[in-house]
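Novice: Okay, here's the structure, questions in a sec.
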Amino acid sequence: MTVLLSADVSLWVWLVTLGVILGLLAFDFFFHVRQAHEPTLKEATWWSIFYVGLALLFGVVLLVFGGADMGVEYFSGYLLEKALSVDNLFVFLVIISSFAVPRADQQKVLLFGIVFALIARSGFIFAGKALIDNFSWTFYLFGLILIVTAGKLLAPEKEGEDEANNFIIRAAKRFLRTTDHYDGDKLFTIENGRRVLTPMLLVMVAIGGTDILFALDSIPAIYAVTTNVYIVFTATAFSLMGLRQLYFLIDGLLDRLVYLKYGLSVILGFIGVKLILEALHKNQLPFINGGEPVDVFTFDAYTSLPVIVILLTSTVILSLVSPKGKLLSAVRSVDRLANAYLNHNYEVAPEDREANFQKMVAAQNRLMQFDNAKVDQMMEETGATWAVEKATRAHAEATG
C-alpha cells in the first residue's frame, strides 16, 4: 500500500507499467493493424471505450494506493493531454488527406504516429524533469512557451499551409528514390527493377515530425499540473492509447469541434500563468525581487482539474450546438474532400478516387440544410467554392 505514496515510484512499478503499455501496443498491432482494414463504427466504439475505461481505472488505482493528490494530478494531466491529442488529430487528418492514404491503410499510419509520439514525449518528459530539478528558471520558460502557444492557437490559419510538404519530405523526394504509387501498406516497393520508398513511409516521416512539435507544447503543459515524472508519463501514455480508434470513431465529428482550439488556448494560457506564478513563488533568480520568493497567489491541482473540465466540456458543447460551428464544419468537410480528390501527387486506385468524389457530393448535399446565402459566403471565404468547381470539372473530364 505504500508503494505509490512517494513521488519516487519503485522500479518494479515502472517495469510493470511499461510492460502493460508495450503489451497493449503490441496487441493493437498484431490483432488490429497488421491486417489492413477499415474499422467499423462498432469496432472503433468498443475499443475507444476500452482504452478510456482503462485510463480511468488506472487513475482510480492511483487514487486508492497513491492518495488523493496523485489521483487528482493524474486525472488533470490525462484530461489535458487527451484534449491536446484530439487537437493533434486535426493535423493527422490533413497529413493523411494530403498524402491520399487509402482508408484501409490509415490505421498503420496512426499507430506509428502514436508510438512515435510516445517515444518523443518520453524523451521530452525526462529532459523536462532534468531541467526542473537543476534550473530554477525552467518554470518561467515553460510558462512563456504555453502562453505563446495559446496565442498561436488564436491566430488565423495560413492559406496554403501544407503540413505534409515540409523540409524532410522535400529532401527525401530529392535525394532518395521515391514513388508516387502506394503498394498496400508497404514502406518499400520495387519499381522499374529498383527498390524505392513508397508514400506510406513519407507520410510516417511527416507525422513523426509533427509529433516532435506537439511534444514541445504538451510536456510543459502537463508539468504545470504535476512534477511527478511517473504521473506525467502515465497520463501522457494513456492519453495516446486508443487515439487510433478515436480517429475513426469521431471522423465525422472531427470538423464539428470548431471551438476546441479556443478552449485549448484558454487552458494553455491559464496553465502558462499558473507556471509563472509558481516560478515567482519559488523564485531564485537574482534579478527578480533580489533572488527572493515573491508572495503571489498560486493554483493547486484541485483548482486546475475543475478549470480544465469546465473549459473542455463547455468547448465541446458549444461546438456541437453552435449553428455557425455546424455550418463551418460542413463547409470544411466539403473543402477537404474536394482537395483530396484533386490531389494528384500520390496515385490511388480509380475506385478510391471515385469514392472521394462521391463523398464530396454527399457533403455538398448536406449543405442544403443551411441558409444558402451563408453557405455561399463561407464557401467563398474558405476557398471551398474554387476547390469544388475544379474537382467537378476534373471528374467530368475523367468520366467522359
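Going by the C-alpha cells order, chains are called A, B, ..., each with residues numbered from 1, while ligands are numbered from 1 in the order shown.
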Please provide the set of residues having any atom within 10 Å of Phe92 of chain A, restricted to only C-alpha atoms, with same-chain residues fewer than 3 positions apart removed, written as a VMD selection string.

Specialist: chain A and resid 86 to 89 95 to 98 109 to 110 113 163 to 164 203 206 to 207 210 to 211 247

Novice: Once DSSP has gone over the backbone, tell me which residues of segment 69-246 of chain A are in alpha helix (DSSP H), as a ChimeraX atom specification.

Specialist: /A:69-98,106-134,138-154,167-175,199-223,229-240,243-246

Novice: Which polymer residues have any atom within 7 Å of an atom of segment 215-225 of chain A, counting only C-alpha atoms, with same-chain residues fewer than 5 positions away left out, as a ChimeraX atom specification?

Specialist: /A:73,76-77,81,120-121,124-125,142,146,232,268,271,275,301

Novice: Would you pick out the contacts of Gln284 of chain A at 8 Å or less, using only C-alpha atoms, so that residues sharing its chain but fewer than 6 positions from it are not included, and give the list as a PyMOL selection string?

Specialist: chain A and resi 136-137+291-293

Novice: Could you state the separation of atom CA of Leu144 of chain A and atom CA of Leu318 of chain A in Å, given to one decimal place?

Specialist: 28.3 Å
